[in-house]
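Here the structure comes first, spelled out in structure tokens, and everything after it is commentary.
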Amino acid sequence: MSKIRTRFAPSPTGYMHVGNLRTAIFEYLVAKHNDGDFILRIEDTDQTRKIEGAIDFIYNTLKLCNINIDEGPNNSGEYGPYIQSERLPIYQKYAEELVKMGKAYYCFCTEDRLEKLRKEAEENKVAFLYDGHCKKLSQEEIDERIKNGEKYVIRQLMPKEGVSVYNDLVYGEIKVENKLLEDQILLKSDGYPTYNFANVIDDHLMGITHVIRGNEYIMATPKYNLLYDAFGWEKPTYIHVSMVLGEDGQKLSKRNGDASFMDLYNDGYIPEAIVNYLVMLGWSPETNEEIFTMDELIKIFDPKRISKSPSVFDIKKLNWINAHYIKKLSIDELLKITVPHLKNAYDLKDKTDEWIKELVSIYQNHISYGKEIVEVTDLFFKNEKELDQECKDFMNQEGIDNTIKVFTSEIEKIEDWTKENINSAIMNTKEKANAKGKMLYMPIRIKVSYQMHGPELPDTIHLLGKETVLNRLQK
RNA sequence: GGUCCGUUGGUGAAGUGGCUGAACACACAUGCCUUUCACGCAUGCAUUCACGAGUUCGAAUCUCGUACGGAUCACCA
């Protein structure tokens with residue numbers, strides 16, 4: 001059996017939303033599970049959409065995600081080039097060959113004529129299909145018109161009868177009537193191939209065994225199979241995957257939120273966590289576990305368990321998984337995803353590196369993504385904050401004032417500002433104010449941090465500094 | 001409009017005819033801290049698998065129909 005090969009074939013838009021990334025992950029996993037190769041191919045046949053630097057962007061993104069590209073534009077293998085715009089002669093050659101075999105034909109129809117047909121179709125409420133107008137042109141006429149410099153495209157000749165059937169690994173048997181298949185354009189008038197054509201040629205030439213892609217291609221696949229058949233090539237295994245939807249149940253787009261990997265990454269989400277979450281979206285393992293490393297995923301991934309129905313991207317679940325990964329971060333890694341956000345939000349000039357380090361580390365178990373450090377630490381940077389109702393109610397209880405008073409004097413007594421001494425101050429307050437448990441800690445916590453929840457009290461107080469703490473206690 | 005695909009709780013989902021009087025996780029709700037700490041623990045949350053009919057001793061699981069949602073019908077990919 002030949003080696004399993006899968007490919008990720010994005011167009012170079014300089015943007016990768018999570019749906020695309022998930023497809024890439026699935027492709028990678030299928031390849032690596034079978035000890036195969038993962039190929040990156042750039043589909044840039046639409047010259048109007050090219051973006052500078054997009055290839056490096058894709059490499060960077062995949063690298064961050066721990067996805068190794070075995071062959072691609074920046075690390076060529078024996079199947080190159082890996083950029084479609086550099087493969088033009090190949091497509092032309094195969095297109096011509098198809099014409100010679102009688103499976104494709106030249107078409108000189110103008111945009112105007114096509115436009116007119118399209119309008120007619122719309123008026124009659126029927127699907128537009130090219131009418132095969134140029135199908136019966138004589139060789140002489142074709143030569144003549146080409147010689148005259150007329151623009152032309154090459155169209156695939158579709159059978160008008162019968163049914164095409166193929167088997168998809170996740171959707172099962174898909175049947176499409178041949179008469180619904182359009183004589184689609186293979187080669188555009190600018191000499192570039194269409195996606196529909198380049199895709200098939202490249203997948204075959206690059207030895208791709210498993211084609212994994214969004215299910216918007218389910219209906220077009222019979223056309224591709226016809227092409228494989230025409231050339232006598234072996235068809236790949238098809239794995240169509242459903243869409244990833246936004247919270248509103250609509251297709252993910254730049255518009256609806258943080259749909260892009262880079263947005264997430266820049267907000268302090270960890271690539272491993274993103275990958276982990278994305279794999280669990282529309283796929284599930286046989287067990288109940290849900291935290292996996294890439295290596296574990298490679299071991300257990302089975303594309304047959306990909307779900308057919310679309311799934312909603314749920315940032316809350318991502319938060320939970322990401323928090324899990326954050327807890328395991330080293331302090332340096334943690335600083336990397338949090339400090340930039342702190343610097344951005346607050347003035348850190350008079351804070352030492354040591355202080356920042358301590359701040360970030362006591363919040364390690366309290367944040368679910370890097371940027372969240374900002375909102376959660378605002379008590380260290382703002383000296384006023386409105387208490388919520390729960391806090392206010394709590395502070396109205398009897399005996400609270402006395403506890404605060406006692407604690408204040410205990411704090412004043414501290415000469416050496418250490419966590420141990422702060423803790424002793426709390427303990428002394430416990431005895432002297434005869435307050436314990438919640439009645440002991442909560443008043444202090446609320447007074448000092450304006451909220452009922454947070455990291456260990458001595459840690460918080462230590463970081464705040466004696467002066468600030470006293471200020472807040474006496475307010 | 002034609003065709004194709006989908007439909008299990010707010011979300012991700014398990015489930016392929018009886019062991020499901022529907023797992024697990026997120027979210028949510030409630031309760032639990034006498035060194036606090038909601039990073040924890042406990043409990044609750046679908047009388048039921050879009051709906052209707054059929055097959056069967058028995059259906060979320062098979063069949064048909066309806067509804068809803070999505071995809072597709074470009075010299076875009």
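Going through the structure tokens in order, the chains are called A, B, and so on, while each chain numbers its residues from 1 and the ligands are numbered from 1 in the order shown.
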
Return the neighbours of chain B among the residues of chain A, cut-off 6 Å, counting only C-alpha atoms (C1' of nucleotides), as JSON, numbers by chain. {"A": [125, 126, 127, 188, 195, 216, 288, 309, 317, 365, 436, 437, 441, 456]}

Export of the given selection (N, CA and C atoms) as an mmCIF file, in the first residue's frame:
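This went into part-v9.cif:
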data_model
loop_
_atom_site.group_PDB
_atom_site.id
_atom_site.type_symbol
_atom_site.label_atom_id
_atom_site.label_comp_id
_atom_site.auth_asym_id
_atom_site.auth_seq_id
_atom_site.Cartn_x
_atom_site.Cartn_y
_atom_site.Cartn_z
ATOM 1 N N LYS A 125 -36.552 30.775 -13.102
ATOM 2 C CA LYS A 125 -36.377 30.068 -11.831
ATOM 3 C C LYS A 125 -35.800 28.670 -11.999
ATOM 4 N N VAL A 126 -34.842 28.561 -12.865
ATOM 5 C CA VAL A 126 -34.147 27.275 -12.980
ATOM 6 C C VAL A 126 -32.664 27.511 -12.734
ATOM 7 N N ALA A 127 -31.964 26.458 -12.363
ATOM 8 C CA ALA A 127 -30.536 26.583 -12.120
ATOM 9 C C ALA A 127 -29.826 26.872 -13.421
ATOM 10 N N LYS A 188 -9.143 29.021 -17.358
ATOM 11 C CA LYS A 188 -9.722 30.342 -17.560
ATOM 12 C C LYS A 188 -9.063 31.022 -18.753
ATOM 13 N N TYR A 195 -10.041 26.432 -9.644
ATOM 14 C CA TYR A 195 -9.817 25.578 -8.485
ATOM 15 C C TYR A 195 -10.210 24.136 -8.813
ATOM 16 N N GLU A 216 -18.734 21.919 1.612
ATOM 17 C CA GLU A 216 -19.290 22.678 0.489
ATOM 18 C C GLU A 216 -18.861 22.062 -0.845
ATOM 19 N N ASN A 288 -13.953 9.165 27.305
ATOM 20 C CA ASN A 288 -14.515 10.404 27.815
ATOM 21 C C ASN A 288 -13.491 11.508 28.024
ATOM 22 N N SER A 309 -22.975 16.780 11.360
ATOM 23 C CA SER A 309 -23.701 18.035 11.535
ATOM 24 C C SER A 309 -22.756 19.160 11.967
ATOM 25 N N LYS A 317 -16.133 27.015 26.310
ATOM 26 C CA LYS A 317 -15.471 25.714 26.427
ATOM 27 C C LYS A 317 -13.978 25.864 26.111
ATOM 28 N N ASN A 365 -3.791 30.438 38.341
ATOM 29 C CA ASN A 365 -4.950 29.543 38.421
ATOM 30 C C ASN A 365 -6.273 30.283 38.300
ATOM 31 N N LYS A 436 -13.895 34.683 62.878
ATOM 32 C CA LYS A 436 -13.245 33.546 62.250
ATOM 33 C C LYS A 436 -13.904 33.217 60.923
ATOM 34 N N GLY A 437 -13.189 32.418 60.149
ATOM 35 C CA GLY A 437 -13.719 31.973 58.860
ATOM 36 C C GLY A 437 -14.088 33.126 57.963
ATOM 37 N N TYR A 441 -12.095 36.677 57.026
ATOM 38 C CA TYR A 441 -11.411 36.936 55.758
ATOM 39 C C TYR A 441 -12.151 37.878 54.822
ATOM 40 N N GLU A 456 -5.036 33.933 47.140
ATOM 41 C CA GLU A 456 -4.783 33.922 48.575
ATOM 42 C C GLU A 456 -4.626 35.346 49.114
#

Would you mind listing, for every residue of region 226-292 of chain A within 7 Å of region 162-186 of chain A, the two atoms forming the shortest contact and the distance between them in Å to one decimal, using only C-alpha atoms, sorted by chain and ascending residue number, as a tab-separated table?
residue	atom	partner	partner_atom	distance
A:Tyr238	CA	A:Asp168	CA	5.1
A:Ile239	CA	A:Leu169	CA	5.2
A:His240	CA	A:Val170	CA	6.6

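Those residues that approach region 49-55 of chain B to within 7 Å, counting only C-alpha atoms (C1' of nucleotides), are U7, U8, A60 and A67 of chain B; same-chain residues fewer than 2 positions away are not listed.
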
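Shell of Ile331 (chain A) at 10 Å, with only C-alpha atoms (C1' of nucleotides) counted and residues fewer than 6 places along the chain excluded, is Lys357, Glu358, Val360, Ser361 and Gln364 of chain A.
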
Can you list, as a VMD selection string, all residues belonging to region 165-384 of chain A that DSSP tags as strand (DSSP E)? chain A and resid 165 to 168 172 to 177 185 to 187 210 to 214 237 to 241 244 to 245 311 to 312

Restricted to N, CA and C atoms, what would the selected residues look like written as a PDB file, in the first residue's frame?
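And here's again-v2.pdb as it stands now:
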ATOM      1  N   VAL A 165     -22.058   8.338  -8.408  1.00  0.00           N
ATOM      2  CA  VAL A 165     -22.102   7.912  -7.011  1.00  0.00           C
ATOM      3  C   VAL A 165     -20.689   7.814  -6.472  1.00  0.00           C
ATOM      4  N   TYR A 166     -20.512   8.269  -5.269  1.00  0.00           N
ATOM      5  CA  TYR A 166     -19.216   8.034  -4.632  1.00  0.00           C
ATOM      6  C   TYR A 166     -19.427   7.863  -3.145  1.00  0.00           C
ATOM      7  N   ASN A 167     -18.396   7.408  -2.510  1.00  0.00           N
ATOM      8  CA  ASN A 167     -18.508   7.134  -1.094  1.00  0.00           C
ATOM      9  C   ASN A 167     -17.643   8.090  -0.293  1.00  0.00           C
ATOM     10  N   ASP A 168     -18.273   8.752   0.641  1.00  0.00           N
ATOM     11  CA  ASP A 168     -17.537   9.665   1.501  1.00  0.00           C
ATOM     12  C   ASP A 168     -17.349   8.986   2.854  1.00  0.00           C
ATOM     13  N   GLY A 172     -20.955   8.949   3.875  1.00  0.00           N
ATOM     14  CA  GLY A 172     -21.468   7.750   3.228  1.00  0.00           C
ATOM     15  C   GLY A 172     -21.680   7.963   1.751  1.00  0.00           C
ATOM     16  N   GLU A 173     -22.681   7.284   1.194  1.00  0.00           N
ATOM     17  CA  GLU A 173     -22.887   7.337  -0.241  1.00  0.00           C
ATOM     18  C   GLU A 173     -23.551   8.642  -0.672  1.00  0.00           C
ATOM     19  N   ILE A 174     -22.959   9.297  -1.646  1.00  0.00           N
ATOM     20  CA  ILE A 174     -23.523  10.531  -2.185  1.00  0.00           C
ATOM     21  C   ILE A 174     -23.846  10.300  -3.655  1.00  0.00           C
ATOM     22  N   LYS A 175     -25.087  10.605  -4.027  1.00  0.00           N
ATOM     23  CA  LYS A 175     -25.513  10.424  -5.415  1.00  0.00           C
ATOM     24  C   LYS A 175     -25.874  11.768  -6.014  1.00  0.00           C
ATOM     25  N   VAL A 176     -25.396  12.029  -7.206  1.00  0.00           N
ATOM     26  CA  VAL A 176     -25.786  13.249  -7.907  1.00  0.00           C
ATOM     27  C   VAL A 176     -26.089  12.903  -9.357  1.00  0.00           C
ATOM     28  N   GLU A 177     -27.198  13.436  -9.839  1.00  0.00           N
ATOM     29  CA  GLU A 177     -27.555  13.176 -11.232  1.00  0.00           C
ATOM     30  C   GLU A 177     -26.625  13.926 -12.176  1.00  0.00           C
ATOM     31  N   ILE A 185     -15.735  25.240 -16.205  1.00  0.00           N
ATOM     32  CA  ILE A 185     -14.513  25.756 -16.790  1.00  0.00           C
ATOM     33  C   ILE A 185     -13.307  25.146 -16.092  1.00  0.00           C
ATOM     34  N   LEU A 186     -12.389  24.656 -16.884  1.00  0.00           N
ATOM     35  CA  LEU A 186     -11.173  24.059 -16.354  1.00  0.00           C
ATOM     36  C   LEU A 186     -10.028  25.064 -16.405  1.00  0.00           C
ATOM     37  N   LEU A 187      -9.958  25.701 -17.577  1.00  0.00           N
ATOM     38  CA  LEU A 187      -8.887  26.671 -17.798  1.00  0.00           C
ATOM     39  C   LEU A 187      -9.528  28.018 -18.110  1.00  0.00           C
ATOM     40  N   HIS A 210      -5.837  11.028   0.593  1.00  0.00           N
ATOM     41  CA  HIS A 210      -7.046  11.365   1.329  1.00  0.00           C
ATOM     42  C   HIS A 210      -7.343  12.847   1.189  1.00  0.00           C
ATOM     43  N   VAL A 211      -8.449  13.145   0.559  1.00  0.00           N
ATOM     44  CA  VAL A 211      -8.842  14.540   0.378  1.00  0.00           C
ATOM     45  C   VAL A 211      -9.817  14.911   1.490  1.00  0.00           C
ATOM     46  N   ILE A 212      -9.376  15.831   2.338  1.00  0.00           N
ATOM     47  CA  ILE A 212     -10.200  16.259   3.464  1.00  0.00           C
ATOM     48  C   ILE A 212     -10.507  17.732   3.262  1.00  0.00           C
ATOM     49  N   ARG A 213     -11.753  18.087   3.255  1.00  0.00           N
ATOM     50  CA  ARG A 213     -12.130  19.464   2.967  1.00  0.00           C
ATOM     51  C   ARG A 213     -13.521  19.741   3.474  1.00  0.00           C
ATOM     52  N   GLY A 214     -13.903  21.003   3.417  1.00  0.00           N
ATOM     53  CA  GLY A 214     -15.225  21.405   3.872  1.00  0.00           C
ATOM     54  C   GLY A 214     -16.316  20.773   3.029  1.00  0.00           C
ATOM     55  N   THR A 237      -9.550   8.945  -1.279  1.00  0.00           N
ATOM     56  CA  THR A 237     -10.605   8.778  -0.284  1.00  0.00           C
ATOM     57  C   THR A 237     -11.104  10.172   0.082  1.00  0.00           C
ATOM     58  N   TYR A 238     -12.401  10.348   0.070  1.00  0.00           N
ATOM     59  CA  TYR A 238     -12.949  11.662   0.398  1.00  0.00           C
ATOM     60  C   TYR A 238     -13.445  11.708   1.840  1.00  0.00           C
ATOM     61  N   ILE A 239     -13.066  12.790   2.506  1.00  0.00           N
ATOM     62  CA  ILE A 239     -13.550  13.014   3.858  1.00  0.00           C
ATOM     63  C   ILE A 239     -14.052  14.454   3.922  1.00  0.00           C
ATOM     64  N   HIS A 240     -15.345  14.613   3.826  1.00  0.00           N
ATOM     65  CA  HIS A 240     -15.898  15.969   3.896  1.00  0.00           C
ATOM     66  C   HIS A 240     -16.290  16.274   5.333  1.00  0.00           C
ATOM     67  N   VAL A 241     -15.957  17.461   5.773  1.00  0.00           N
ATOM     68  CA  VAL A 241     -16.253  17.810   7.163  1.00  0.00           C
ATOM     69  C   VAL A 241     -17.213  18.994   7.224  1.00  0.00           C
ATOM     70  N   VAL A 244     -17.937  24.956  10.852  1.00  0.00           N
ATOM     71  CA  VAL A 244     -17.878  25.477  12.211  1.00  0.00           C
ATOM     72  C   VAL A 244     -18.689  26.774  12.212  1.00  0.00           C
ATOM     73  N   LEU A 245     -19.645  26.842  13.104  1.00  0.00           N
ATOM     74  CA  LEU A 245     -20.543  27.994  13.161  1.00  0.00           C
ATOM     75  C   LEU A 245     -20.189  28.932  14.306  1.00  0.00           C
ATOM     76  N   SER A 311     -21.102  22.351  13.917  1.00  0.00           N
ATOM     77  CA  SER A 311     -20.994  22.609  15.346  1.00  0.00           C
ATOM     78  C   SER A 311     -20.672  24.068  15.630  1.00  0.00           C
ATOM     79  N   VAL A 312     -21.116  24.505  16.766  1.00  0.00           N
ATOM     80  CA  VAL A 312     -20.966  25.906  17.161  1.00  0.00           C
ATOM     81  C   VAL A 312     -19.676  26.108  17.950  1.00  0.00           C
TER      82      VAL A 312
END

All residues 7 Å or closer to region 406-417 of chain A, only C-alpha atoms (C1' of nucleotides), same chain fewer than 2 positions away omitted, as a list in words: Asn402, Thr403, Ile404, Lys419, Asn421, Ala425, Ile426, Thr429, Ala433, Leu470 and Leu473 of chain A

Just want the 12 Å neighbourhood of Asn75 (chain A), counted on only C-alpha atoms (C1' of nucleotides), with same-chain residues fewer than 5 positions away dropped. Output as a VMD selection string. chain A and resid 38 to 41 55 to 56 59 68 to 70 80 to 83

Could you take the residues named above and write them with N, CA and C atoms, as an mmCIF file, in the first residue's frame?
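Output saved as selection_21.cif:
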data_model
loop_
_atom_site.group_PDB
_atom_site.id
_atom_site.type_symbol
_atom_site.label_atom_id
_atom_site.label_comp_id
_atom_site.auth_asym_id
_atom_site.auth_seq_id
_atom_site.Cartn_x
_atom_site.Cartn_y
_atom_site.Cartn_z
ATOM 1 N N PHE A 38 2.182 15.149 5.312
ATOM 2 C CA PHE A 38 1.243 16.273 5.275
ATOM 3 C C PHE A 38 1.850 17.357 4.379
ATOM 4 N N ILE A 39 1.114 17.724 3.356
ATOM 5 C CA ILE A 39 1.635 18.646 2.341
ATOM 6 C C ILE A 39 0.890 19.983 2.387
ATOM 7 N N LEU A 40 1.629 21.050 2.191
ATOM 8 C CA LEU A 40 0.992 22.366 2.073
ATOM 9 C C LEU A 40 1.061 22.808 0.617
ATOM 10 N N ARG A 41 -0.071 23.121 0.069
ATOM 11 C CA ARG A 41 -0.118 23.616 -1.302
ATOM 12 C C ARG A 41 -0.880 24.933 -1.303
ATOM 13 N N ILE A 55 2.063 33.285 2.636
ATOM 14 C CA ILE A 55 2.638 31.940 2.772
ATOM 15 C C ILE A 55 3.382 31.805 4.093
ATOM 16 N N ASP A 56 4.180 32.804 4.416
ATOM 17 C CA ASP A 56 4.892 32.762 5.698
ATOM 18 C C ASP A 56 3.906 32.755 6.859
ATOM 19 N N TYR A 59 2.743 29.268 7.295
ATOM 20 C CA TYR A 59 3.806 28.475 7.933
ATOM 21 C C TYR A 59 3.875 28.772 9.427
ATOM 22 N N ASN A 68 3.556 19.914 11.601
ATOM 23 C CA ASN A 68 4.763 19.920 10.760
ATOM 24 C C ASN A 68 4.418 19.675 9.307
ATOM 25 N N ILE A 69 4.893 20.561 8.478
ATOM 26 C CA ILE A 69 4.638 20.428 7.054
ATOM 27 C C ILE A 69 5.768 19.613 6.434
ATOM 28 N N ASP A 70 5.434 18.473 5.881
ATOM 29 C CA ASP A 70 6.470 17.620 5.291
ATOM 30 C C ASP A 70 6.965 18.171 3.962
ATOM 31 N N GLY A 80 7.072 19.238 -6.219
ATOM 32 C CA GLY A 80 6.892 20.663 -6.438
ATOM 33 C C GLY A 80 6.673 21.027 -7.882
ATOM 34 N N PRO A 81 6.491 22.309 -8.151
ATOM 35 C CA PRO A 81 6.297 23.370 -7.148
ATOM 36 C C PRO A 81 4.975 23.212 -6.393
ATOM 37 N N TYR A 82 4.934 23.865 -5.231
ATOM 38 C CA TYR A 82 3.766 23.710 -4.368
ATOM 39 C C TYR A 82 2.852 24.934 -4.387
ATOM 40 N N ILE A 83 3.164 25.824 -5.308
ATOM 41 C CA ILE A 83 2.324 27.002 -5.480
ATOM 42 C C ILE A 83 1.701 26.903 -6.861
#

Selection: 12 Å around A42 (chain B), only C-alpha atoms (C1' of nucleotides), excl. self and same-chain fewer than 3 positions, as an MDAnalysis selection string: chainID B and resid 30:32

Next, dump the selected residues to file, keeping only N, CA and C atoms (P, O5', C5', C4', C3', O3' and C1' of nucleotides), as a JSON list (two decimals), in the first residue's frame.
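Generated output (part12.json):
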[["chain", "number", "residue", "atom", "x", "y", "z"],
["B", 30, "U", "P", -28.22, 30.70, 42.36],
["B", 30, "U", "O5'", -28.35, 29.47, 43.35],
["B", 30, "U", "C5'", -29.63, 29.10, 43.87],
["B", 30, "U", "C4'", -29.53, 27.80, 44.60],
["B", 30, "U", "C3'", -28.47, 27.75, 45.69],
["B", 30, "U", "O3'", -28.91, 28.35, 46.89],
["B", 30, "U", "C1'", -28.33, 25.79, 44.39],
["B", 31, "G", "P", -27.79, 29.00, 47.88],
["B", 31, "G", "O5'", -27.14, 27.72, 48.55],
["B", 31, "G", "C5'", -27.93, 26.86, 49.38],
["B", 31, "G", "C4'", -27.16, 25.61, 49.67],
["B", 31, "G", "C3'", -25.79, 25.82, 50.31],
["B", 31, "G", "O3'", -25.90, 26.03, 51.70],
["B", 31, "G", "C1'", -25.61, 24.24, 48.58],
["B", 32, "C", "P", -24.75, 26.82, 52.48],
["B", 32, "C", "O5'", -23.53, 25.80, 52.39],
["B", 32, "C", "C5'", -23.62, 24.53, 53.05],
["B", 32, "C", "C4'", -22.38, 23.74, 52.77],
["B", 32, "C", "C3'", -21.08, 24.41, 53.21],
["B", 32, "C", "O3'", -20.87, 24.12, 54.58],
["B", 32, "C", "C1'", -20.82, 23.47, 51.05]]

Output as an NGL selection string all residues of region 199-387 of chain A that backbone DSSP marks as helix (DSSP H, G or I). :A and (199-205 or 215-217 or 221-231 or 261-266 or 271-279 or 294-300 or 303-305 or 315-327 or 331-345 or 353-362 or 364-366 or 372-376 or 378-380)

So which one's closest to Glu96 (chain A), A:Gly282, A:Pro193, A:Gly370, A:Gly132? Using only C-alpha atoms, please.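 Checking each of A:Gly282, A:Pro193, A:Gly370, A:Gly132 against Glu96 (chain A), counting only C-alpha atoms, the winner is A:Pro193.
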
Out of A:Ile362, A:Glu384, A:Thr287, A:Asn396, which residue has the shortest atom-to-atom distance to Pro458 (chain A) when counting only C-alpha atoms?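 Under the stated criterion, the closest residue is A:Ile362.
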